[in-house]
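Student: The structure file work.csv (CSV, C-alpha atoms) is provided below.
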```csv
chain,number,residue,atom,x,y,z
H,32,MET,CA,0.0,0.0,0.0
H,33,TRP,CA,2.8,2.4,0.9
H,34,GLY,CA,4.8,1.8,-2.3
H,35,ARG,CA,1.9,2.6,-4.6
H,36,LYS,CA,2.4,6.3,-4.9
H,37,SER,CA,5.6,7.9,-6.1
H,38,SER,CA,7.2,10.4,-3.7
H,39,GLU,CA,6.4,13.3,-6.0
H,40,GLU,CA,2.7,12.3,-5.9
H,41,VAL,CA,2.9,12.1,-2.2
H,42,GLN,CA,4.6,15.5,-2.0
H,43,GLN,CA,1.9,17.0,-4.2
H,44,THR,CA,-0.9,15.6,-2.0
H,45,LEU,CA,0.9,16.7,1.1
H,46,GLU,CA,1.0,20.3,-0.2
H,47,ASN,CA,-2.8,20.2,-0.4
H,48,ILE,CA,-3.4,19.0,3.2
H,49,PRO,CA,-5.5,21.7,5.0
H,50,PHE,CA,-3.2,22.2,8.0
H,51,GLU,CA,-4.2,24.6,10.7
H,52,THR,CA,-1.4,26.9,11.7
H,53,VAL,CA,-1.0,27.9,15.3
H,54,SER,CA,1.2,30.9,15.9
H,55,GLY,CA,3.4,31.0,18.9
H,56,LYS,CA,6.5,32.8,20.2
H,57,ARG,CA,8.5,29.6,20.6
H,58,LEU,CA,9.9,27.8,17.6
H,59,ALA,CA,11.9,24.7,18.2
H,60,GLN,CA,12.0,23.4,14.6
H,61,PRO,CA,9.2,23.3,12.0
H,62,LEU,CA,6.7,21.4,14.0
H,63,THR,CA,3.9,19.4,12.3
H,64,LEU,CA,1.4,17.5,14.4
H,65,PHE,CA,-0.7,14.6,12.9
H,66,ALA,CA,-3.6,14.0,15.2
H,67,LEU,CA,-7.0,12.4,15.5
H,68,SER,CA,-10.0,14.5,16.5
H,69,THR,CA,-11.3,11.7,18.7
H,70,CYS,CA,-8.1,10.8,20.6
H,71,GLY,CA,-7.6,12.1,24.2
H,72,PHE,CA,-3.8,12.2,24.1
H,73,CYS,CA,-4.0,14.2,20.8
H,74,ARG,CA,-6.1,16.8,22.5
H,75,ARG,CA,-3.6,16.9,25.4
H,76,ALA,CA,-0.7,17.3,23.0
H,77,ILE,CA,-2.4,20.2,21.3
H,78,GLY,CA,-3.2,21.7,24.7
H,79,TYR,CA,0.4,21.4,25.7
H,80,LEU,CA,1.9,23.0,22.6
H,81,ASN,CA,-0.6,25.9,22.9
H,82,ASP,CA,0.1,26.4,26.6
H,83,GLN,CA,3.8,26.4,26.0
H,84,GLY,CA,3.4,28.9,23.2
H,85,TYR,CA,5.0,26.8,20.4
H,86,ALA,CA,4.4,27.7,16.7
H,87,TYR,CA,3.2,24.6,14.9
H,88,ARG,CA,0.7,23.3,12.4
H,89,PHE,CA,-1.6,20.4,12.8
H,90,VAL,CA,-4.2,18.3,11.0
H,91,HIS,CA,-6.9,15.9,12.3
H,92,MET,CA,-6.3,13.0,10.0
H,93,ASP,CA,-9.7,11.3,10.6
H,94,LYS,CA,-11.3,14.4,8.9
H,95,LEU,CA,-9.3,13.9,5.7
H,96,PRO,CA,-10.2,11.8,2.7
H,97,LYS,CA,-8.5,8.4,2.4
H,98,SER,CA,-6.1,9.6,-0.4
H,99,GLU,CA,-4.7,12.3,1.9
H,100,GLN,CA,-4.5,9.9,4.8
H,101,ASP,CA,-2.5,7.5,2.6
H,102,ALA,CA,-0.1,10.3,1.5
H,103,ILE,CA,0.6,11.2,5.1
H,104,ARG,CA,1.2,7.6,6.1
H,105,ALA,CA,3.6,7.2,3.1
H,106,HIS,CA,5.4,10.4,4.0
H,107,VAL,CA,5.8,9.3,7.7
H,108,LYS,CA,7.0,5.9,6.7
H,109,ARG,CA,9.5,7.3,4.2
H,110,VAL,CA,10.9,10.1,6.2
H,111,TYR,CA,10.7,8.8,9.8
H,112,ARG,CA,10.8,5.1,9.1
H,113,THR,CA,7.9,4.2,11.3
H,114,ALA,CA,4.2,3.5,11.2
H,115,LEU,CA,2.0,6.4,12.2
H,116,SER,CA,0.6,6.4,15.7
H,117,PHE,CA,-1.1,9.3,17.4
H,118,PRO,CA,-0.3,12.0,18.3
H,119,PHE,CA,2.7,12.2,15.9
H,120,LEU,CA,4.8,15.3,16.1
H,121,CYS,CA,7.3,15.8,13.3
H,122,LEU,CA,10.4,17.7,14.5
H,123,GLY,CA,11.8,19.0,11.2
H,124,ASP,CA,12.7,16.2,8.8
H,125,LYS,CA,14.7,13.9,11.0
H,126,ASP,CA,13.1,13.4,14.4
H,127,HIS,CA,9.7,12.8,15.7
H,128,LEU,CA,7.7,12.2,18.9
H,129,SER,CA,4.9,9.7,18.9
H,130,GLY,CA,2.4,9.3,21.7
H,131,PHE,CA,2.0,12.1,24.2
H,132,ILE,CA,4.3,11.8,27.2
H,133,LYS,CA,4.6,15.3,28.6
H,134,ALA,CA,8.1,14.8,30.2
H,135,SER,CA,9.6,13.6,27.0
H,136,TRP,CA,8.0,16.2,24.9
H,137,GLU,CA,9.3,18.9,27.3
H,138,GLN,CA,12.8,17.5,27.2
H,139,GLU,CA,13.0,17.0,23.5
H,140,LEU,CA,11.4,20.4,22.6
H,141,HIS,CA,13.7,22.3,25.0
H,142,ARG,CA,16.7,20.5,23.5
H,143,LEU,CA,15.7,21.5,20.0
H,144,GLU,CA,15.0,25.1,21.1
H,145,GLU,CA,18.5,25.4,22.5
H,146,LYS,CA,20.0,23.9,19.4
H,147,SER,CA,18.2,26.4,17.2
H,148,HIS,CA,19.4,29.3,19.4
H,149,ASP,CA,23.0,28.1,19.1
H,150,GLN,CA,22.8,28.2,15.3
Z,141,MET,CA,-14.7,10.0,3.2
Z,142,THR,CA,-16.8,6.9,3.7
Z,143,SER,CA,-16.0,3.8,1.7
Z,144,ASP,CA,-18.8,1.8,0.1
Z,145,ARG,CA,-18.2,-0.8,2.8
Z,146,GLY,CA,-18.4,1.8,5.5
Z,147,ARG,CA,-21.6,3.1,4.1
Z,148,GLU,CA,-23.0,-0.4,4.0
Z,149,HIS,CA,-22.2,-0.9,7.7
Z,150,ALA,CA,-23.5,2.6,8.5
Z,151,GLN,CA,-26.9,1.7,7.1
Z,152,GLN,CA,-27.3,-1.2,9.3
Z,153,ARG,CA,-25.6,0.3,12.3
Z,154,PRO,CA,-26.6,-1.0,15.7
Z,155,GLN,CA,-28.2,1.3,18.2
Z,156,ILE,CA,-25.8,1.4,21.1
Z,157,ASP,CA,-25.7,3.7,24.1
Z,158,VAL,CA,-22.0,4.2,24.1
Z,159,ALA,CA,-21.7,5.8,27.6
Z,160,GLN,CA,-23.7,2.9,29.0
Z,161,PHE,CA,-21.6,0.4,27.0
Z,162,VAL,CA,-18.2,1.6,28.4
Z,163,HIS,CA,-19.6,1.6,31.9
Z,164,ASN,CA,-20.8,-2.0,31.4
Z,165,VAL,CA,-17.5,-3.1,30.0
Z,166,ALA,CA,-15.6,-1.5,32.9
Z,167,LYS,CA,-17.9,-3.2,35.4
Z,168,ARG,CA,-17.8,-6.6,33.8
Z,169,ARG,CA,-14.0,-6.6,33.4
Z,170,ASN,CA,-13.3,-5.0,36.8
Z,171,TRP,CA,-11.7,-2.0,35.1
Z,172,GLN,CA,-12.2,1.7,35.9
Z,173,LEU,CA,-13.0,4.7,33.7
Z,174,PRO,CA,-11.0,7.9,33.7
Z,175,ALA,CA,-11.6,10.3,36.7
Z,176,ASP,CA,-11.3,13.3,34.3
Z,177,SER,CA,-14.9,13.5,33.0
Z,178,ASP,CA,-13.9,15.8,30.0
Z,179,PHE,CA,-11.4,13.2,28.9
Z,180,LEU,CA,-14.0,10.4,29.2
Z,181,SER,CA,-16.6,12.4,27.3
Z,182,MET,CA,-14.2,13.0,24.5
Z,183,LEU,CA,-13.5,9.3,24.1
Z,184,ILE,CA,-17.2,8.5,24.3
Z,185,GLU,CA,-18.0,11.1,21.6
Z,186,GLY,CA,-15.1,9.7,19.5
Z,187,LEU,CA,-16.6,6.2,19.8
Z,188,GLU,CA,-20.1,7.5,19.0
Z,189,GLY,CA,-18.7,9.2,15.9
Z,190,ASN,CA,-17.0,6.1,14.7
Z,191,LEU,CA,-20.1,4.0,15.3
Z,192,GLU,CA,-22.1,6.5,13.3
Z,193,ARG,CA,-19.6,6.5,10.5
Z,194,LEU,CA,-18.5,2.9,10.4
Z,195,GLY,CA,-21.2,0.9,12.2
Z,196,TYR,CA,-18.8,-0.5,14.8
Z,197,LEU,CA,-17.0,0.8,17.9
Z,198,GLN,CA,-13.6,1.4,16.3
Z,199,CYS,CA,-10.9,2.6,18.7
Z,200,PRO,CA,-10.9,6.5,18.8
Z,201,CYS,CA,-7.1,6.6,19.1
Z,202,ARG,CA,-6.2,4.7,16.0
Z,203,LEU,CA,-6.8,5.3,12.3
Z,204,SER,CA,-9.4,3.0,10.8
Z,205,TRP,CA,-9.2,0.9,7.6
Z,206,ASP,CA,-13.0,1.5,7.3
Z,207,ASP,CA,-13.3,-2.2,7.0
Z,208,LYS,CA,-14.7,-4.2,9.9
Z,209,GLU,CA,-12.6,-7.3,9.2
Z,210,LYS,CA,-9.3,-5.4,9.1
Z,211,ASP,CA,-10.3,-3.3,12.1
Z,212,LYS,CA,-11.6,-6.2,14.2
Z,213,ASP,CA,-8.6,-6.2,16.6
Z,214,ILE,CA,-9.3,-2.5,17.5
Z,215,VAL,CA,-13.0,-2.6,18.0
Z,216,CYS,CA,-13.5,-1.3,21.6
Z,217,PRO,CA,-12.5,-2.9,23.9
Z,218,CYS,CA,-9.6,-3.8,21.7
Z,219,ILE,CA,-7.8,-7.1,22.0
Z,220,TYR,CA,-4.7,-5.3,23.3
Z,221,ALA,CA,-6.5,-3.7,26.2
Z,222,GLU,CA,-6.2,-6.5,28.7
Z,223,ALA,CA,-2.4,-6.9,28.3
Z,224,ASP,CA,-1.9,-3.1,28.3
Z,225,ILE,CA,-4.0,-2.7,31.4
Z,226,ALA,CA,-1.9,-5.5,33.1
Z,227,GLU,CA,1.4,-3.9,32.0
Z,228,TYR,CA,0.8,-0.2,32.1
Z,229,GLY,CA,-2.4,0.2,34.2
Z,230,HIS,CA,-4.5,1.5,31.3
Z,231,CYS,CA,-5.4,0.8,27.7
Z,232,TYR,CA,-3.9,2.6,24.7
Z,233,CYS,CA,-6.6,5.3,24.8
Z,234,SER,CA,-6.7,5.6,28.6
Z,235,LEU,CA,-10.4,4.8,28.5
Z,236,PHE,CA,-10.1,1.7,30.8
Z,237,PHE,CA,-7.8,1.4,33.8
Z,238,SER,CA,-6.9,-1.4,36.2
Z,239,SER,CA,-8.9,-1.5,39.4
Z,240,ASP,CA,-5.9,-0.4,41.5
Z,241,TYR,CA,-4.9,2.6,39.3
Z,242,ASP,CA,-5.1,6.0,41.0
Z,243,THR,CA,-7.1,7.6,38.1
Z,244,ALA,CA,-7.6,10.9,40.0
Z,245,ASN,CA,-3.9,11.6,40.8
Z,246,GLU,CA,-1.6,9.6,38.5
Z,247,GLU,CA,-0.7,11.5,35.3
Z,248,MET,CA,-1.8,9.6,32.2
Z,249,VAL,CA,0.8,9.2,29.5
Z,250,SER,CA,0.7,7.5,26.1
Z,251,ILE,CA,1.9,3.9,26.2
Z,252,PRO,CA,3.6,2.0,23.4
Z,253,GLU,CA,1.4,0.7,20.6
Z,254,ARG,CA,1.0,-3.1,21.0
Z,255,ARG,CA,-0.8,-3.5,17.7
Z,256,PRO,CA,1.7,-5.1,15.3
Z,257,GLN,CA,2.8,-2.6,12.6
Z,258,HIS,CA,1.7,-4.9,9.7
Z,259,LEU,CA,-1.9,-4.6,10.9
Z,260,PHE,CA,-1.8,-0.8,10.5
Z,261,PRO,CA,-3.5,0.8,7.5
```
How does the structure come out when it is put into structure tokens?

Tutor:
Amino acid sequence: MWGRKSSEEVQQTLENIPFETVSGKRLAQPLTLFALSTCGFCRRAIGYLNDQGYAYRFVHMDKLPKSEQDAIRAHVKRVYRTALSFPFLCLGDKDHLSGFIKASWEQELHRLEEKSHDQ
Amino acid sequence: MTSDRGREHAQQRPQIDVAQFVHNVAKRRNWQLPADSDFLSMLIEGLEGNLERLGYLQCPCRLSWDDKEKDKDIVCPCIYAEADIAEYGHCYCSLFFSSDYDTANEEMVSIPERRPQHLFP
């Protein structure tokens, strides 16, 4: 199923995903959150990012058509080498956090923030 | 978007009082529900939405195949719940907790996904 679309097709579909952008003063890395509107931990993750003032974008995947869900899954599989579980926070193009564990999110986001300040 | 199969199920969807259902499951299996009533309501609404859309109680914390046969392991309560509750004190969604879990005070965190990756959509 994942191999069916070429990466260009996936990229094209990804560009059309209706992400909601949340503005914030803190920017760790380009942060993209894939979430489900029905999942309690996804809601907590969104609450956490908002409370902490991070800038990020997110989409509720259960609200998307299957073709877009497939494109996101293919993207996650290709870039992050893992199956998609929720909430899934992309930290730039290399790292990710999946599942909401407040302490690990805090630690990882602080680390990235410091790294981006150093640059 | 609903697949043809999803629509077929939706037409013959069973009438279930989801709030009552989760209470009954918890009682029968000697589990607890979350103390945070907003968190509980959200999961119940998620299950209601999935029942409406698919015709079965697909887990609100996992993406559906929109196919009852392929989703059968994650129809609530999912087949992973018992092992997760034994190991971590709650199921993947934190809908069901072990009887000795301090639901009012312990901070809930996501647990590892027990569902094998090859069963994911």

Student: From the options H:Ile103, H:Arg112, H:Tyr85, H:Phe131, which residue's atoms come nearest to Cys233 (chain Z), counting all atoms listed in the file?

Tutor: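 Of H:Ile103, H:Arg112, H:Tyr85, H:Phe131, the one nearest Cys233 (chain Z), counting all atoms listed in the file, is H:Phe131.
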
Student: With a cut-off of 12 Å, could you pull out the residues of chain H touching chain Z and give me the nearest pair of atoms for each, distance in Å to one decimal, using only C-alpha atoms, ordered by chain and ascending number, as JSON lines?

Tutor:
```
{"residue": "H:Met32", "atom": "CA", "partner": "Z:Pro261", "partner_atom": "CA", "distance": 8.3}
{"residue": "H:Trp33", "atom": "CA", "partner": "Z:Pro261", "partner_atom": "CA", "distance": 9.3}
{"residue": "H:Phe65", "atom": "CA", "partner": "Z:Leu203", "partner_atom": "CA", "distance": 11.1}
{"residue": "H:Ala66", "atom": "CA", "partner": "Z:Cys201", "partner_atom": "CA", "distance": 9.1}
{"residue": "H:Leu67", "atom": "CA", "partner": "Z:Cys201", "partner_atom": "CA", "distance": 6.8}
{"residue": "H:Ser68", "atom": "CA", "partner": "Z:Gly186", "partner_atom": "CA", "distance": 7.6}
{"residue": "H:Thr69", "atom": "CA", "partner": "Z:Gly186", "partner_atom": "CA", "distance": 4.4}
{"residue": "H:Cys70", "atom": "CA", "partner": "Z:Cys201", "partner_atom": "CA", "distance": 4.6}
{"residue": "H:Gly71", "atom": "CA", "partner": "Z:Phe179", "partner_atom": "CA", "distance": 6.1}
{"residue": "H:Phe72", "atom": "CA", "partner": "Z:Ser250", "partner_atom": "CA", "distance": 6.8}
{"residue": "H:Cys73", "atom": "CA", "partner": "Z:Cys201", "partner_atom": "CA", "distance": 8.4}
{"residue": "H:Arg74", "atom": "CA", "partner": "Z:Phe179", "partner_atom": "CA", "distance": 9.1}
{"residue": "H:Arg75", "atom": "CA", "partner": "Z:Phe179", "partner_atom": "CA", "distance": 9.3}
{"residue": "H:Ala76", "atom": "CA", "partner": "Z:Ser250", "partner_atom": "CA", "distance": 10.4}
{"residue": "H:His91", "atom": "CA", "partner": "Z:Leu203", "partner_atom": "CA", "distance": 10.6}
{"residue": "H:Met92", "atom": "CA", "partner": "Z:Leu203", "partner_atom": "CA", "distance": 8.1}
{"residue": "H:Asp93", "atom": "CA", "partner": "Z:Leu203", "partner_atom": "CA", "distance": 6.9}
{"residue": "H:Lys94", "atom": "CA", "partner": "Z:Met141", "partner_atom": "CA", "distance": 8.0}
{"residue": "H:Leu95", "atom": "CA", "partner": "Z:Met141", "partner_atom": "CA", "distance": 7.1}
{"residue": "H:Pro96", "atom": "CA", "partner": "Z:Met141", "partner_atom": "CA", "distance": 4.9}
{"residue": "H:Lys97", "atom": "CA", "partner": "Z:Met141", "partner_atom": "CA", "distance": 6.5}
{"residue": "H:Ser98", "atom": "CA", "partner": "Z:Met141", "partner_atom": "CA", "distance": 9.3}
{"residue": "H:Glu99", "atom": "CA", "partner": "Z:Met141", "partner_atom": "CA", "distance": 10.3}
{"residue": "H:Gln100", "atom": "CA", "partner": "Z:Leu203", "partner_atom": "CA", "distance": 9.1}
{"residue": "H:Asp101", "atom": "CA", "partner": "Z:Pro261", "partner_atom": "CA", "distance": 8.4}
{"residue": "H:Ala102", "atom": "CA", "partner": "Z:Pro261", "partner_atom": "CA", "distance": 11.7}
{"residue": "H:Ile103", "atom": "CA", "partner": "Z:Pro261", "partner_atom": "CA", "distance": 11.4}
{"residue": "H:Arg104", "atom": "CA", "partner": "Z:Pro261", "partner_atom": "CA", "distance": 8.4}
{"residue": "H:Ala105", "atom": "CA", "partner": "Z:Pro261", "partner_atom": "CA", "distance": 10.5}
{"residue": "H:Lys108", "atom": "CA", "partner": "Z:Gln257", "partner_atom": "CA", "distance": 11.2}
{"residue": "H:Arg112", "atom": "CA", "partner": "Z:Gln257", "partner_atom": "CA", "distance": 11.6}
{"residue": "H:Thr113", "atom": "CA", "partner": "Z:Gln257", "partner_atom": "CA", "distance": 8.6}
{"residue": "H:Ala114", "atom": "CA", "partner": "Z:Gln257", "partner_atom": "CA", "distance": 6.4}
{"residue": "H:Leu115", "atom": "CA", "partner": "Z:Phe260", "partner_atom": "CA", "distance": 8.3}
{"residue": "H:Ser116", "atom": "CA", "partner": "Z:Arg202", "partner_atom": "CA", "distance": 7.0}
{"residue": "H:Phe117", "atom": "CA", "partner": "Z:Cys201", "partner_atom": "CA", "distance": 6.8}
{"residue": "H:Pro118", "atom": "CA", "partner": "Z:Cys201", "partner_atom": "CA", "distance": 8.7}
{"residue": "H:Phe119", "atom": "CA", "partner": "Z:Ser250", "partner_atom": "CA", "distance": 11.4}
{"residue": "H:Leu128", "atom": "CA", "partner": "Z:Ser250", "partner_atom": "CA", "distance": 11.1}
{"residue": "H:Ser129", "atom": "CA", "partner": "Z:Ser250", "partner_atom": "CA", "distance": 8.6}
{"residue": "H:Gly130", "atom": "CA", "partner": "Z:Ser250", "partner_atom": "CA", "distance": 5.0}
{"residue": "H:Phe131", "atom": "CA", "partner": "Z:Ser250", "partner_atom": "CA", "distance": 5.1}
{"residue": "H:Ile132", "atom": "CA", "partner": "Z:Val249", "partner_atom": "CA", "distance": 4.9}
{"residue": "H:Lys133", "atom": "CA", "partner": "Z:Val249", "partner_atom": "CA", "distance": 7.2}
{"residue": "H:Ala134", "atom": "CA", "partner": "Z:Val249", "partner_atom": "CA", "distance": 9.2}
{"residue": "H:Ser135", "atom": "CA", "partner": "Z:Val249", "partner_atom": "CA", "distance": 10.2}
{"residue": "H:Trp136", "atom": "CA", "partner": "Z:Val249", "partner_atom": "CA", "distance": 11.0}
```

Student: Quick one: pull the distance between CA of Val165 (chain Z) and CA of Leu191 (chain Z), Å, one decimal.

Tutor: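 Interatomic distance, CA of Val165 (chain Z) to CA of Leu191 (chain Z): 16.5 Å.
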
Student: At what distance in Å, to one decimal, does CA of Pro154 (chain Z) lie from CA of Asn170 (chain Z)?

Tutor: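 Spanning CA of Asn170 (chain Z) to CA of Pro154 (chain Z) is a straight-line distance of 25.3 Å.
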
Student: Return the padded bounding box of region 159-171 of chain Z as lines of an AutoDock Vina configuration file: axis-aligned, built from all atoms listed in the file, 3 Å added on each side, with centre and edge lengths in Å to one decimal.

Tutor:
```
center_x = -17.7
center_y = -0.4
center_z = 31.9
size_x = 18.0
size_y = 18.4
size_z = 15.8
```

Student: Could you list, as number ranges by chain, every residue within 7 Å of Pro174 (chain Z), counting only C-alpha atoms and ignoring same-chain residues fewer than 2 positions away?

Tutor: Z: 172, 176-177, 180, 235-236, 243

Student: I need the residues from that last selection saved to file as a PDB file, keeping the file's coordinate frame (with C-alpha atoms), if you can.

Tutor:
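Final output, selection23.pdb:
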```pdb
ATOM      1  CA  GLN Z 172     -12.200   1.700  35.900  1.00  0.00           C
ATOM      2  CA  ASP Z 176     -11.300  13.300  34.300  1.00  0.00           C
ATOM      3  CA  SER Z 177     -14.900  13.500  33.000  1.00  0.00           C
ATOM      4  CA  LEU Z 180     -14.000  10.400  29.200  1.00  0.00           C
ATOM      5  CA  LEU Z 235     -10.400   4.800  28.500  1.00  0.00           C
ATOM      6  CA  PHE Z 236     -10.100   1.700  30.800  1.00  0.00           C
ATOM      7  CA  THR Z 243      -7.100   7.600  38.100  1.00  0.00           C
TER       8      THR Z 243
END
```

Student: For CA of Ile225 (chain Z) and CA of Val107 (chain H), determine how far apart the two atoms are, in Å to one decimal place.

Tutor: 28.3 Å

Student: Looking at only C-alpha atoms, which of H:Glu39, H:Glu145, H:Lys56, H:Pro61 is the one that sits closest to Gln83 (chain H)?

Tutor: H:Lys56

Student: Between H:Glu144, H:Asp82, H:Glu139, H:Glu40, which is the closest to Gly55 (chain H) once you count all atoms listed in the file?

Tutor: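 That would be H:Asp82, the residue with the smallest distance to Gly55 (chain H).
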